[in-house]
Each structure stands twice: as C-alpha cells, then as structure tokens.
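K.L.:
Sharing entry34.cif (mmCIF, C-alpha atoms (C1' of nucleotides)) below.
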data_coords
#
loop_
_atom_site.label_atom_id
_atom_site.label_comp_id
_atom_site.auth_asym_id
_atom_site.auth_seq_id
_atom_site.Cartn_x
_atom_site.Cartn_y
_atom_site.Cartn_z
CA MET A 86 3.47 160.96 295.68
CA ASP A 87 0.85 163.58 294.84
CA HIS A 88 -2.55 162.86 293.30
CA LYS A 89 -1.38 164.01 289.91
CA THR A 90 1.42 161.44 289.80
CA LEU A 91 -0.86 158.70 291.08
CA GLN A 92 -3.45 159.66 288.51
CA SER A 93 -0.90 159.42 285.72
CA TYR A 94 -0.18 155.83 286.76
CA ILE A 95 -3.85 154.94 287.04
CA GLN A 96 -4.96 156.71 283.88
CA PRO A 97 -3.97 153.84 281.57
CA VAL A 98 -6.18 151.50 283.59
CA ILE A 99 -9.23 153.68 284.26
CA GLU A 100 -10.32 157.30 284.64
CA LEU A 101 -10.90 158.09 288.33
CA ALA A 102 -12.46 161.11 290.02
CA GLU A 103 -10.49 163.14 292.57
CA GLU A 104 -12.56 161.61 295.36
CA GLU A 105 -11.73 158.08 294.24
CA LEU A 106 -8.05 158.89 294.01
CA ALA A 107 -8.25 160.22 297.55
CA LEU A 108 -9.73 156.92 298.72
CA LEU A 109 -6.94 155.00 297.02
CA MET A 110 -4.31 157.23 298.61
CA SER A 111 -5.89 156.77 302.02
CA CYS A 112 -5.30 153.02 301.73
CA ALA A 113 -1.70 153.41 300.60
CA ILE A 114 1.62 153.51 302.43
CA LYS A 115 4.90 154.68 300.97
CA ARG A 116 7.68 152.15 301.40
CA PRO A 117 11.32 152.76 300.48
CA LEU A 118 13.27 149.52 300.02
CA LYS A 119 16.94 148.71 299.82
CA LYS A 120 17.98 146.29 297.07
CA GLY A 121 17.04 142.78 298.21
CA GLU A 122 14.47 143.85 300.82
CA GLN A 123 11.30 141.77 300.62
CA LEU A 124 7.87 143.30 300.21
CA LEU A 125 6.03 139.98 300.22
CA LYS A 126 7.65 137.06 301.99
CA GLN A 127 7.25 133.36 301.26
CA GLY A 128 4.47 132.03 303.47
CA GLU A 129 2.73 135.37 303.97
CA VAL A 130 -0.86 135.80 302.81
CA CYS A 131 -1.00 138.63 300.30
CA SER A 132 -3.63 141.28 301.02
CA THR A 133 -2.10 144.19 299.16
CA PHE A 134 -1.01 145.33 295.78
CA TYR A 135 2.06 147.36 295.01
CA LEU A 136 2.88 150.32 292.81
CA VAL A 137 6.48 151.05 291.89
CA GLU A 138 7.46 154.73 292.01
CA SER A 139 11.17 154.17 291.32
CA GLY A 140 13.49 151.17 291.06
CA TYR A 141 11.91 147.80 290.33
CA LEU A 142 10.36 144.79 292.01
CA ARG A 143 11.28 141.20 291.27
CA THR A 144 8.74 138.40 291.75
CA TYR A 145 10.24 134.94 292.05
CA TYR A 146 9.95 131.40 293.35
CA ASP A 147 12.66 130.05 295.63
CA ARG A 148 13.28 126.47 294.39
CA GLU A 149 15.66 125.03 296.99
CA GLY A 150 17.65 128.20 297.30
CA VAL A 151 17.61 128.97 293.58
CA ALA A 152 15.55 131.96 292.49
CA ILE A 153 13.24 131.51 289.52
CA ASN A 154 12.06 134.89 288.34
CA MET A 155 8.46 135.20 287.27
CA ASN A 156 8.07 138.93 286.83
CA PHE A 157 9.74 142.33 286.96
CA THR A 158 7.70 145.44 287.81
CA PHE A 159 9.06 148.86 286.86
CA GLU A 160 8.18 152.51 287.47
CA GLY A 161 4.47 153.23 287.21
CA ASP A 162 3.45 149.58 287.16
CA PHE A 163 1.43 147.54 289.61
CA THR A 164 1.98 144.04 290.94
CA SER A 165 0.60 141.64 293.53
CA ASN A 166 0.12 137.96 294.24
CA LEU A 167 -3.47 137.46 293.20
CA ARG A 168 -3.43 133.73 293.79
CA SER A 169 -2.55 134.21 297.44
CA TYR A 170 -4.92 137.17 297.81
CA ARG A 171 -7.83 135.28 296.35
CA SER A 172 -7.27 131.94 298.05
CA ARG A 173 -6.00 133.47 301.30
CA LEU A 174 -3.29 130.80 301.18
CA PRO A 175 0.35 131.55 302.02
CA SER A 176 2.32 132.96 299.12
CA GLU A 177 4.86 130.75 297.40
CA LEU A 178 6.09 133.79 295.54
CA ILE A 179 8.47 136.34 296.94
CA ILE A 180 8.33 139.98 295.86
CA GLU A 181 11.45 142.00 296.55
CA ALA A 182 13.35 145.06 295.41
CA GLY A 183 15.67 144.38 292.47
CA GLU A 184 17.44 147.64 293.22
CA ASP A 185 16.84 150.46 295.71
CA THR A 186 13.16 151.09 295.22
CA ILE A 187 10.29 153.29 296.33
CA ALA A 188 7.05 151.32 296.37
CA TRP A 189 3.50 152.11 297.45
CA ILE A 190 1.56 149.46 299.30
CA PHE A 191 -2.23 149.49 298.77
CA ASN A 192 -4.32 147.60 301.28
CA LEU A 193 -6.80 145.63 299.20
CA ARG A 194 -9.00 144.31 301.99
CA GLN A 195 -9.36 147.81 303.42
CA LEU A 196 -10.10 149.14 299.95
CA SER A 197 -12.68 146.47 299.24
CA GLN A 198 -14.82 147.64 302.15
CA GLN A 199 -15.52 150.79 300.15
CA TYR A 200 -16.43 148.97 296.94
CA ASP A 201 -20.15 149.66 297.25
CA THR A 202 -19.60 153.39 297.60
CA TYR A 203 -17.01 153.70 294.85
CA PRO A 204 -17.78 151.35 291.96
CA ASN A 205 -15.00 152.83 289.85
CA VAL A 206 -12.47 151.73 292.42
CA THR A 207 -13.85 148.20 292.09
CA ARG A 208 -13.47 148.42 288.35
CA PHE A 209 -9.95 149.71 288.72
CA VAL A 210 -8.88 146.83 290.95
CA ARG A 211 -10.59 144.31 288.71
CA ARG A 212 -8.95 145.64 285.57
CA LEU A 213 -5.61 145.69 287.29
CA ALA A 214 -6.06 142.03 288.18
CA ILE A 215 -7.12 141.00 284.70
CA SER A 216 -4.29 142.96 283.05
CA GLN A 217 -1.77 141.37 285.34
CA LEU A 218 -3.03 137.88 284.69
CA LEU A 219 -3.26 138.37 280.95
CA ALA A 220 0.30 139.71 280.86
CA ALA A 221 1.56 136.81 282.96
CA GLN A 222 -0.18 134.37 280.66
CA GLU A 223 1.24 135.99 277.57
CA HIS A 224 4.71 135.58 278.98
CA SER A 225 4.25 131.97 279.96
CA ASP A 226 2.79 131.08 276.58
CA LEU A 227 6.29 131.76 275.29
CA PHE A 228 7.44 128.61 277.04
CA LYS A 229 5.12 126.35 275.12
CA LEU A 230 5.49 128.06 271.81
CA TYR A 231 9.12 129.01 271.51
CA THR A 232 12.68 127.81 272.01
CA PRO A 233 14.97 129.69 274.43
CA THR A 234 16.50 131.67 271.56
CA GLU A 235 13.07 132.63 270.23
CA ARG A 236 11.99 133.67 273.71
CA TYR A 237 15.01 135.94 274.03
CA ARG A 238 14.32 137.51 270.64
CA HIS A 239 10.71 138.02 271.65
CA ILE A 240 11.77 139.94 274.74
CA GLU A 241 14.30 141.89 272.69
CA LYS A 242 11.48 142.94 270.39
CA ASN A 243 8.60 143.42 272.82
CA ASN A 244 10.29 144.31 276.13
CA PRO A 245 13.67 145.76 275.23
CA HIS A 246 13.75 147.82 278.45
CA LEU A 247 14.02 144.56 280.41
CA LEU A 248 17.44 143.92 278.87
CA GLN A 249 18.64 147.33 280.03
CA ARG A 250 17.38 147.09 283.57
CA VAL A 251 17.88 143.49 284.62
CA SER A 252 21.16 141.60 284.83
CA LEU A 253 21.77 138.67 282.52
CA SER A 254 21.69 136.27 285.47
CA GLN A 255 18.29 137.56 286.60
CA LEU A 256 16.91 137.44 283.09
CA ALA A 257 18.07 133.86 282.55
CA SER A 258 15.58 132.20 284.89
CA TYR A 259 12.85 134.49 283.58
CA LEU A 260 13.52 132.99 280.15
CA GLY A 261 13.84 129.49 281.57
CA VAL A 262 17.51 128.95 280.76
CA THR A 263 20.81 128.98 282.65
CA ARG A 264 22.90 132.13 282.65
CA GLU A 265 25.51 130.35 280.50
CA THR A 266 22.98 129.53 277.81
CA LEU A 267 21.62 133.08 277.81
CA SER A 268 25.15 134.42 277.50
CA ARG A 269 25.65 132.22 274.43
CA ILE A 270 22.32 133.22 272.89
CA ARG A 271 23.32 136.83 273.27
CA ALA A 272 26.78 136.19 271.80
CA LYS A 273 25.27 134.72 268.62
CA ASN A 274 23.02 137.75 268.33
CA ASN A 275 25.74 140.27 267.54
CA MET B 173 -30.37 122.50 279.69
CA ASP B 174 -32.77 123.48 282.46
CA HIS B 175 -32.13 126.17 285.07
CA LYS B 176 -31.35 123.59 287.68
CA THR B 177 -28.52 122.10 285.66
CA LEU B 178 -27.16 125.52 284.76
CA GLN B 179 -27.35 126.54 288.39
CA SER B 180 -25.36 123.50 289.45
CA TYR B 181 -22.57 124.56 287.09
CA ILE B 182 -22.67 128.18 288.25
CA GLN B 183 -23.00 127.39 291.95
CA PRO B 184 -19.25 126.85 292.47
CA VAL B 185 -18.59 130.32 291.07
CA ILE B 186 -21.41 132.36 292.63
CA GLU B 187 -24.94 132.06 293.97
CA LEU B 188 -27.43 133.50 291.48
CA ALA B 189 -31.14 134.26 291.77
CA GLU B 190 -33.66 132.66 289.41
CA GLU B 191 -34.01 135.94 287.55
CA GLU B 192 -30.29 136.20 286.97
CA LEU B 193 -30.12 132.63 285.71
CA ALA B 194 -32.92 133.49 283.31
CA LEU B 195 -30.90 136.41 281.96
CA LEU B 196 -27.89 134.16 281.45
CA MET B 197 -30.00 131.58 279.64
CA SER B 198 -31.49 134.26 277.41
CA CYS B 199 -27.98 135.07 276.17
CA ALA B 200 -27.08 131.44 275.55
CA ILE B 201 -27.34 129.14 272.54
CA LYS B 202 -27.01 125.37 272.62
CA ARG B 203 -24.45 124.07 270.17
CA PRO B 204 -23.83 120.38 269.47
CA LEU B 205 -20.43 119.74 267.91
CA LYS B 206 -18.88 116.79 266.11
CA LYS B 207 -15.33 115.90 267.12
CA GLY B 208 -13.00 118.40 265.48
CA GLU B 209 -15.61 121.10 264.85
CA GLN B 210 -14.37 124.56 265.79
CA LEU B 211 -16.21 126.86 268.18
CA LEU B 212 -13.68 129.66 267.96
CA LYS B 213 -11.61 129.94 264.80
CA GLN B 214 -8.17 131.43 264.40
CA GLY B 215 -8.58 135.08 263.40
CA GLU B 216 -12.06 135.49 264.88
CA VAL B 217 -12.62 138.04 267.62
CA CYS B 218 -13.97 136.26 270.69
CA SER B 219 -17.12 137.79 272.15
CA THR B 220 -18.49 134.76 273.92
CA PHE B 221 -17.73 132.25 276.61
CA TYR B 222 -18.52 128.57 276.49
CA LEU B 223 -19.95 126.02 278.89
CA VAL B 224 -19.43 122.33 278.24
CA GLU B 225 -22.47 120.15 278.89
CA SER B 226 -20.92 116.91 277.57
CA GLY B 227 -17.74 115.94 275.73
CA TYR B 228 -14.81 118.33 275.96
CA LEU B 229 -13.26 121.37 274.32
CA ARG B 230 -9.63 121.66 273.34
CA THR B 231 -7.91 125.07 273.20
CA TYR B 232 -4.76 125.19 271.12
CA TYR B 233 -2.33 127.19 269.04
CA ASP B 234 -1.64 126.10 265.49
CA ARG B 235 2.14 126.48 265.04
CA GLU B 236 2.71 125.84 261.36
CA GLY B 237 0.21 123.01 261.21
CA VAL B 238 1.22 121.52 264.56
CA ALA B 239 -1.30 121.84 267.38
CA ILE B 240 -0.02 123.02 270.75
CA ASN B 241 -2.66 122.37 273.36
CA MET B 242 -3.17 125.03 276.00
CA ASN B 243 -6.29 123.81 277.76
CA PHE B 244 -8.97 121.12 277.97
CA THR B 245 -12.45 122.02 279.21
CA PHE B 246 -14.72 119.23 280.48
CA GLU B 247 -18.35 118.85 281.56
CA GLY B 248 -19.59 121.68 283.72
CA ASP B 249 -16.62 123.93 283.06
CA PHE B 250 -16.36 127.25 281.29
CA THR B 251 -13.81 128.53 278.82
CA SER B 252 -13.17 131.48 276.53
CA ASN B 253 -10.41 133.51 274.97
CA LEU B 254 -10.21 136.47 277.31
CA ARG B 255 -7.24 138.03 275.59
CA SER B 256 -9.16 138.30 272.34
CA TYR B 257 -12.37 139.36 274.07
CA ARG B 258 -10.66 142.11 275.99
CA SER B 259 -8.41 143.44 273.25
CA ARG B 260 -10.94 142.83 270.48
CA LEU B 261 -8.03 141.46 268.47
CA PRO B 262 -8.32 138.32 266.34
CA SER B 263 -7.85 135.12 268.29
CA GLU B 264 -4.62 133.19 267.84
CA LEU B 265 -6.16 130.36 269.79
CA ILE B 266 -8.55 127.81 268.35
CA ILE B 267 -11.24 126.22 270.50
CA GLU B 268 -12.68 122.98 269.14
CA ALA B 269 -14.44 119.81 270.22
CA GLY B 270 -12.04 117.08 271.37
CA GLU B 271 -14.86 114.56 270.99
CA ASP B 272 -18.56 114.86 270.14
CA THR B 273 -19.62 117.66 272.44
CA ILE B 274 -22.61 119.68 273.55
CA ALA B 275 -21.58 123.24 274.35
CA TRP B 276 -23.48 126.37 275.35
CA ILE B 277 -22.40 129.67 273.85
CA PHE B 278 -22.94 132.74 276.03
CA ASN B 279 -22.88 136.10 274.32
CA LEU B 280 -20.72 138.29 276.52
CA ARG B 281 -21.28 141.63 274.82
CA GLN B 282 -25.03 141.11 274.94
CA LEU B 283 -24.76 140.08 278.57
CA SER B 284 -22.63 143.07 279.50
CA GLN B 285 -25.40 145.45 278.47
CA GLN B 286 -27.37 144.19 281.47
CA TYR B 287 -24.50 144.58 283.93
CA ASP B 288 -26.01 147.64 285.65
CA THR B 289 -29.31 145.89 286.30
CA TYR B 290 -27.79 142.60 287.47
CA PRO B 291 -24.60 143.19 289.44
CA ASN B 292 -24.37 139.52 290.38
CA VAL B 293 -24.06 138.60 286.74
CA THR B 294 -21.15 141.03 286.50
CA ARG B 295 -19.57 139.38 289.50
CA PHE B 296 -20.13 135.96 287.98
CA VAL B 297 -18.41 136.85 284.71
CA ARG B 298 -15.58 138.56 286.54
CA ARG B 299 -14.96 135.58 288.80
CA LEU B 300 -15.09 133.24 285.85
CA ALA B 301 -12.42 135.31 284.13
CA ILE B 302 -10.17 135.46 287.17
CA SER B 303 -10.53 131.73 287.86
CA GLN B 304 -9.69 130.89 284.29
CA LEU B 305 -6.63 133.10 284.27
CA LEU B 306 -5.40 131.85 287.64
CA ALA B 307 -5.79 128.24 286.53
CA ALA B 308 -3.99 128.93 283.26
CA GLN B 309 -1.17 130.59 285.16
CA GLU B 310 -0.90 127.74 287.60
CA HIS B 311 -0.48 125.34 284.72
CA SER B 312 2.11 127.43 282.93
CA ASP B 313 4.14 127.90 286.11
CA LEU B 314 4.85 124.18 285.78
CA PHE B 315 6.99 124.96 282.76
CA LYS B 316 9.36 127.19 284.66
CA LEU B 317 9.47 125.13 287.80
CA TYR B 318 9.49 121.51 286.71
CA THR B 319 11.02 119.04 284.26
CA PRO B 320 8.76 117.17 281.82
CA THR B 321 8.63 114.14 284.13
CA GLU B 322 7.74 116.30 287.11
CA ARG B 323 5.04 118.02 285.06
CA TYR B 324 3.53 114.66 284.15
CA ARG B 325 3.55 113.52 287.77
CA HIS B 326 1.93 116.79 288.77
CA ILE B 327 -0.93 116.18 286.34
CA GLU B 328 -1.18 112.58 287.51
CA LYS B 329 -1.64 113.84 291.06
CA ASN B 330 -3.74 116.96 290.52
CA ASN B 331 -5.67 116.25 287.29
CA PRO B 332 -5.84 112.48 286.95
CA HIS B 333 -9.07 112.71 284.93
CA LEU B 334 -7.07 114.36 282.13
CA LEU B 335 -5.13 111.14 281.61
CA GLN B 336 -8.37 109.21 281.18
CA ARG B 337 -10.01 111.57 278.76
CA VAL B 338 -7.26 112.87 276.53
CA SER B 339 -5.05 110.85 274.21
CA LEU B 340 -1.34 110.64 274.89
CA SER B 341 -0.60 112.60 271.72
CA GLN B 342 -2.90 115.42 272.79
CA LEU B 343 -1.50 115.47 276.29
CA ALA B 344 2.10 115.63 275.04
CA SER B 345 1.96 119.18 273.70
CA TYR B 346 0.02 120.25 276.79
CA LEU B 347 3.01 119.09 278.82
CA GLY B 348 5.47 120.61 276.36
CA VAL B 349 7.07 117.36 275.18
CA THR B 350 6.87 115.14 272.11
CA ARG B 351 4.55 112.13 272.19
CA GLU B 352 7.58 109.84 272.17
CA THR B 353 9.00 111.43 275.29
CA LEU B 354 5.64 111.26 277.05
CA SER B 355 5.32 107.61 276.14
CA ARG B 356 8.71 106.96 277.75
CA ILE B 357 7.88 108.96 280.84
CA ARG B 358 4.77 106.88 281.24
CA ALA B 359 6.68 103.61 280.65
CA LYS B 360 9.07 104.39 283.51
CA ASN B 361 6.13 105.10 285.75
CA ASN B 362 4.80 101.53 285.92
"C1'" DT C 381 -14.03 88.82 261.90
"C1'" DT C 382 -11.23 91.34 258.94
"C1'" DT C 383 -9.38 95.50 257.49
"C1'" DC C 384 -7.86 100.23 257.55
"C1'" DG C 385 -6.45 104.16 259.99
"C1'" DA C 386 -4.98 106.18 263.95
"C1'" DT C 387 -2.47 105.81 268.08
"C1'" DT C 388 1.19 104.20 270.90
"C1'" DG C 389 5.70 101.99 271.92
"C1'" DT C 390 10.56 101.62 271.17
"C1'" DG C 391 15.19 101.68 269.28
"C1'" DA C 392 19.13 104.54 267.09
"C1'" DT C 393 20.92 108.92 266.37
"C1'" DT C 394 21.25 113.85 266.73
"C1'" DT C 395 20.59 118.15 268.89
"C1'" DT C 396 20.09 121.23 272.57
"C1'" DG C 397 20.81 122.98 276.75
"C1'" DA C 398 22.69 121.88 281.59
"C1'" DT C 399 26.52 121.29 284.22
"C1'" DC C 400 31.25 121.93 285.51
"C1'" DA C 401 35.34 124.63 285.56
"C1'" DC C 402 37.68 128.66 285.21
"C1'" DA C 403 39.23 133.11 283.20
"C1'" DG C 404 38.43 137.97 282.71
"C1'" DG C 405 35.74 142.23 284.02
"C1'" DT C 406 33.30 145.56 286.67
"C1'" DC C 407 32.09 148.09 290.58
"C1'" DG C 408 32.02 149.65 295.15
"C1'" DC C 409 34.63 150.13 299.29
"C1'" DT C 410 38.46 151.15 302.05
"C1'" DA D 846 45.42 152.06 293.91
"C1'" DG D 847 44.17 147.56 295.64
"C1'" DC D 848 41.01 144.19 297.44
"C1'" DG D 849 37.01 141.37 297.25
"C1'" DA D 850 32.45 140.23 295.74
"C1'" DC D 851 29.74 139.60 292.03
"C1'" DC D 852 28.73 139.20 287.18
"C1'" DT D 853 29.72 137.68 282.45
"C1'" DG D 854 31.99 134.91 278.82
"C1'" DT D 855 33.65 130.57 277.08
"C1'" DG D 856 35.38 125.93 276.60
"C1'" DA D 857 34.68 120.79 277.67
"C1'" DT D 858 31.70 117.32 278.94
"C1'" DC D 859 27.26 115.30 280.12
"C1'" DA D 860 22.31 114.48 280.11
"C1'" DA D 861 17.85 114.97 278.40
"C1'" DA D 862 14.72 115.35 274.98
"C1'" DA D 863 13.90 115.81 269.84
"C1'" DT D 864 13.98 113.57 265.74
"C1'" DC D 865 13.74 109.76 262.64
"C1'" DA D 866 12.22 105.25 261.57
"C1'" DC D 867 9.38 101.52 262.06
"C1'" DA D 868 6.86 97.90 264.63
"C1'" DA D 869 2.91 96.80 267.57
"C1'" DT D 870 -1.56 97.71 269.21
"C1'" DC D 871 -6.12 99.36 269.33
"C1'" DG D 872 -10.72 100.53 267.62
"C1'" DA D 873 -14.29 101.56 264.67
"C1'" DA D 874 -16.62 100.27 260.54
"C1'" DA D 875 -17.55 97.13 256.82
#
Here is the file; what I need is its structure written in the form of structure tokens.
P.N.:
Amino acid sequence: MDHKTLQSYIQPVIELAEEELALLMSCAIKRPLKKGEQLLKQGEVCSTFYLVESGYLRTYYDREGVAINMNFTFEGDFTSNLRSYRSRLPSELIIEAGEDTIAWIFNLRQLSQQYDTYPNVTRFVRRLAISQLLAAQEHSDLFKLYTPTERYRHIEKNNPHLLQRVSLSQLASYLGVTRETLSRIRAKNN
Amino acid sequence: MDHKTLQSYIQPVIELAEEELALLMSCAIKRPLKKGEQLLKQGEVCSTFYLVESGYLRTYYDREGVAINMNFTFEGDFTSNLRSYRSRLPSELIIEAGEDTIAWIFNLRQLSQQYDTYPNVTRFVRRLAISQLLAAQEHSDLFKLYTPTERYRHIEKNNPHLLQRVSLSQLASYLGVTRETLSRIRAKNN
DNA sequence: TTTCGATTGTGATTTTGATCACAGGTCGCT
DNA sequence: AGCGACCTGTGATCAAAATCACAATCGAAA
C-alpha cells in the first residue's frame, strides 16, 4: 500500500500531513489472510487496529461453538477491539477473514508513544475509536427498536452492500435471527 | 457543588488540577429537575453533557408514544447524546429526570474552545465519551448474546442497584421485554 | 384512614420465531 | 462429468414472549 492509498482511506477521518502518514505506515504490517484465518484470537489482548485493503473481516462471539456476528469490515474500513485494548483484558471477540483478505495491522501501543509529537495522529486514532463505537451502537439500537423484519429492511436500505457480500447464514446472527427465519423474511420481500 | 465534590466525580475518569476543575465549573450550570422534566428534548441538537448530583436521568426513545429506555444515569455519573453532539443532527433520544433530580449541565462547545490551553480537559471529555460508548455497547451486546431471562440475571449480578432504583415497568423496555414478561421472570427467580 | 392513581401480578390466548427435518442448489475439486 | 461440502429454501412442530384482560397491591395526598 502506498501513501496515496492509505491517505484516501484516512481522509474521511482526518487530514494528515505526509510526515504523519509516514509514522502510521511505520507502525503497520501488511497481512494477507486466507478465508477463516484469525487476526485477533479469543483470549488475546488487543493492542492493534486493522485496516482492510481487500476482502473483509468478520468480528464475532463464539457462544459454545456457535458464531454470533457483531461486525463486518470491508475495503477501506478500520476495525479493532477497543474494549480489550482499553481494559487490557483478553478479547472475547474474534476477528477473522470472511474471505481471502489483505489487512494492515497498526500497532496502537507503539503509535501511542508518538502521540506528543504528532497530535493529529492522536486525533485520528480517537476519531476512529469514536466512529467505530457510534456505528456499533447504532447497529445495536436496532435490536431494541425493531423486529427482525424491520432490522432486515433497515440493512437493505442503509447497508445494501452487506447483502451482496455476506452469506445469508452469516447475516442471520448479525440480525439476531436464525438462518431459517432470515430466509423467510427475504422470501416475503420479493 | 464545590470543587471537592466535582473532583470526586471526575477522579475515576482522570486526575485534574484545580485550575482545570475551575474551567469545567465555569462551563457548568446547576439544574434542578422535577420528575419527568426533560433535559434533552427530541429534535434538539445536543451540545452538552450532564452530571447527576442526585436523583437519576433516564435516556429513551419515544416509539410512537411508547418509551424505550436506553440508559439510566445515577448520582456521580455522566451522560450525553454523543451521536447528536458529533453529527450536529437533532437528537432522537430524550433525556429526562426519572425522579426529582439535581443535574449539572456542561457546555461542550464552550469547553472545547479551551482544549488547546487545557489538554487534560480534552482527555477528560474524550475518556468520558469512550467510557459511555463502551458501556452502552456492553449493554447492547446482551441483546445478541442472551435471552430475556439471562439479561435480567446479568443485570441482577452486575447492576443490582438498577433493580432498587428503577420501576419494573421502566426496567422492562431496558431489557427488551414487556412488563408482564419481566414480572414473570422475576416471579420464577424467588 | 380513606381514596385515587399508578404499578405490579397473573391467567388465557395469540403471535412470532426457534427448532427439527429434509429437499434442492451451487461451487470447487478431482 | 461426478462427488462432496456447504448453503439456501421450506414445511411441521414447539417454545417463548406479546398481547389482552382484569385483579391485587402499593403509595401519596386529602
């Protein structure tokens, strides 16, 4: 990934100088993943955030062998486990490749040592965190406010790309229903 | 509220100097509320955060006249609507007094003008935001992971004070069930 | 203490989604 | 082309919670 590409991903979050981009890149490692390979394992303490260059990442809980999907991260988007990073407690979440994926791993602790010198990098990381949390909250509000069918329609309207990229079975737990129910919701739709 | 009391509320978030506390206080207004009075109305843009001195605040959506509770904020705790603050879009959430309450209103936009001079105040606000969002997320994860009964037990274990302070009817929508169902869950418990 | 209003408990019924079971379909691999 | 693994669709049944209806209880104010 060149600086220009990185910059295009960071642009929506904050404007960074060349020097700041260079710092970010110096704390990053490119990581190609086969479908199903795990970037963050259950029980690991998270000290990084991830940028997806191609493919997508799936963030999920493993409830007695059953995956419950919490998030999907696509090209140009960032993800992490902030709870684990912040508390330094082992992650309950797993982050893995939903298909063959190229991800970039940014070392947050390493980055944070430079915070005093590069305040814009601090701002960038902070905004990233807040955006992520606000987005997660927005999604989980759906569970209190809407029925399964309404949740599906909401995704259809606001995140239609999800339906293209993720299999029905994967989407089901993200919407908090079984795959059978989601199949029936979709059938009624047409 | 004197500086000492304020400091004791802020302490868990960050250590602040006397000068920084003074700045915070200068951006704050004391606001006594009768039960049911609204601090943040639906449709208002949120530009403040709130500290509860006594009583409690209830944050909820109004779904066609039915309240769906998202959060309860008790003595010594802070709350806000970060989504509205950040996006400058009208708030869908309502924040109101759950009983007679004394709240402090902190003007965030006013405060943020001093961010360059008082970096610790910036850090304080940032941490407050992240804590709030992480807590909100933790609560909403319950909806994907657990059944209504398990959610109730989780609250019983991790937030027992909620059961003392909030009526069954109020708690029901917070747990995503009807009051009848919550009453039955509780009946089985004993 | 009595009364009114709000809150909670509880039964009967209905609705929704989960579970179980299995039949196609699709895709990659050999 | 044929096999096998995985994914999707669909019916039948079951379980859980919503809804509806009303009784019991509690609490504040007269």
K.L.:
Set the cut-off to 8 Å and count only C-alpha atoms (C1' of nucleotides): what are the residues of chain B that reach chain D? Output as a ChimeraX atom specification.
P.N.:
/B:349-350,353
K.L.:
Could you tell me how far CA of Glu216 (chain B) lies from CA of Arg236 (chain A), in Å and to one decimal?
P.N.:
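We find that CA of Glu216 (chain B) and CA of Arg236 (chain A) lie 25.7 Å from each other.
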K.L.:
So what does the PyMOL selection byres ((chain B) within 9 of (chain A)) actually pick up in this one, as a list in words?
P.N.:
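After applying the PyMOL selection byres ((chain B) within 9 of (chain A)), what remains is Tyr233, Arg235, Ile240, Asn241, Met242, Leu254, Arg255, Arg298, Ala301, Ile302, Leu305, Leu306, Ala308, Gln309, Glu310, Ser312, Asp313, Phe315, Lys316, Leu317, Ser345, Tyr346, Leu347 and Gly348 of chain B.
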K.L.:
Name the residues that the PyMOL selection byres ((chain C) within 10 of (chain A)) pulls out of this structure, and write them as a ChimeraX atom specification.
P.N.:
/C:396-399
K.L.:
Check what the PyMOL selection byres ((chain A and resi 93-97) around 10) selects in the file above and give those residues as a list in words.
P.N.:
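Selected by the PyMOL selection byres ((chain A and resi 93-97) around 10) in this file: His88, Lys89, Thr90, Leu91, Gln92, Val98, Ile99, Glu100, Leu101, Leu106, Leu136, Val137, Glu138, Glu160, Gly161, Asp162, Phe163, Phe209 and Leu213 of chain A.
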K.L.:
Find the residue from A:Leu174, A:Ile180, A:Val206, A:Ile190 that sits nearest to Thr158 (chain A); use all atoms listed in the file when measuring.
P.N.:
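Under the stated criterion, the closest residue is A:Ile180.
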K.L.:
Here is a test: counting all atoms listed in the file, which residue of A:Asn192, A:Ser268, A:Asn274, A:Ser252 is nearest to Phe157 (chain A)?
P.N.:
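With all atoms listed in the file as the atom set, the closest residue is A:Ser252.
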K.L.:
Report the distance between CA of Thr273 (chain B) and C1' of DT383 (chain C) in Å, rounded to one decimal place.
P.N.:
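Those two atoms sit 28.6 Å apart.
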K.L.:
Starting from the incomplete input, reconstruct N, CA and C atoms of region 297-311 of chain B and write that as a PDB file, in the frame of the given file.
P.N.:
ATOM      1  N   VAL B 297     -19.301 136.822 285.876  1.00  0.00           N
ATOM      2  CA  VAL B 297     -18.410 136.850 284.710  1.00  0.00           C
ATOM      3  C   VAL B 297     -16.991 137.198 285.147  1.00  0.00           C
ATOM      4  N   ARG B 298     -16.893 138.146 286.061  1.00  0.00           N
ATOM      5  CA  ARG B 298     -15.580 138.560 286.540  1.00  0.00           C
ATOM      6  C   ARG B 298     -14.856 137.396 287.215  1.00  0.00           C
ATOM      7  N   ARG B 299     -15.586 136.707 288.092  1.00  0.00           N
ATOM      8  CA  ARG B 299     -14.960 135.580 288.800  1.00  0.00           C
ATOM      9  C   ARG B 299     -14.549 134.471 287.849  1.00  0.00           C
ATOM     10  N   LEU B 300     -15.398 134.251 286.859  1.00  0.00           N
ATOM     11  CA  LEU B 300     -15.090 133.240 285.850  1.00  0.00           C
ATOM     12  C   LEU B 300     -13.763 133.585 285.180  1.00  0.00           C
ATOM     13  N   ALA B 301     -13.634 134.857 284.807  1.00  0.00           N
ATOM     14  CA  ALA B 301     -12.420 135.310 284.130  1.00  0.00           C
ATOM     15  C   ALA B 301     -11.208 135.105 285.030  1.00  0.00           C
ATOM     16  N   ILE B 302     -11.323 135.554 286.263  1.00  0.00           N
ATOM     17  CA  ILE B 302     -10.170 135.460 287.170  1.00  0.00           C
ATOM     18  C   ILE B 302      -9.809 133.992 287.415  1.00  0.00           C
ATOM     19  N   SER B 303     -10.812 133.157 287.639  1.00  0.00           N
ATOM     20  CA  SER B 303     -10.530 131.730 287.860  1.00  0.00           C
ATOM     21  C   SER B 303      -9.791 131.133 286.690  1.00  0.00           C
ATOM     22  N   GLN B 304     -10.306 131.447 285.490  1.00  0.00           N
ATOM     23  CA  GLN B 304      -9.690 130.890 284.290  1.00  0.00           C
ATOM     24  C   GLN B 304      -8.234 131.305 284.179  1.00  0.00           C
ATOM     25  N   LEU B 305      -7.991 132.590 284.421  1.00  0.00           N
ATOM     26  CA  LEU B 305      -6.630 133.100 284.270  1.00  0.00           C
ATOM     27  C   LEU B 305      -5.717 132.531 285.344  1.00  0.00           C
ATOM     28  N   LEU B 306      -6.217 132.425 286.562  1.00  0.00           N
ATOM     29  CA  LEU B 306      -5.400 131.850 287.640  1.00  0.00           C
ATOM     30  C   LEU B 306      -5.063 130.400 287.350  1.00  0.00           C
ATOM     31  N   ALA B 307      -6.033 129.656 286.851  1.00  0.00           N
ATOM     32  CA  ALA B 307      -5.790 128.240 286.530  1.00  0.00           C
ATOM     33  C   ALA B 307      -4.767 128.119 285.405  1.00  0.00           C
ATOM     34  N   ALA B 308      -4.923 128.960 284.387  1.00  0.00           N
ATOM     35  CA  ALA B 308      -3.990 128.930 283.260  1.00  0.00           C
ATOM     36  C   ALA B 308      -2.582 129.245 283.750  1.00  0.00           C
ATOM     37  N   GLN B 309      -2.485 130.194 284.656  1.00  0.00           N
ATOM     38  CA  GLN B 309      -1.170 130.590 285.160  1.00  0.00           C
ATOM     39  C   GLN B 309      -0.557 129.460 285.971  1.00  0.00           C
ATOM     40  N   GLU B 310      -1.383 128.850 286.785  1.00  0.00           N
ATOM     41  CA  GLU B 310      -0.900 127.740 287.600  1.00  0.00           C
ATOM     42  C   GLU B 310      -0.292 126.662 286.708  1.00  0.00           C
ATOM     43  N   HIS B 311      -1.002 126.368 285.622  1.00  0.00           N
ATOM     44  CA  HIS B 311      -0.480 125.340 284.720  1.00  0.00           C
ATOM     45  C   HIS B 311       0.823 125.777 284.070  1.00  0.00           C
TER      46      HIS B 311
END
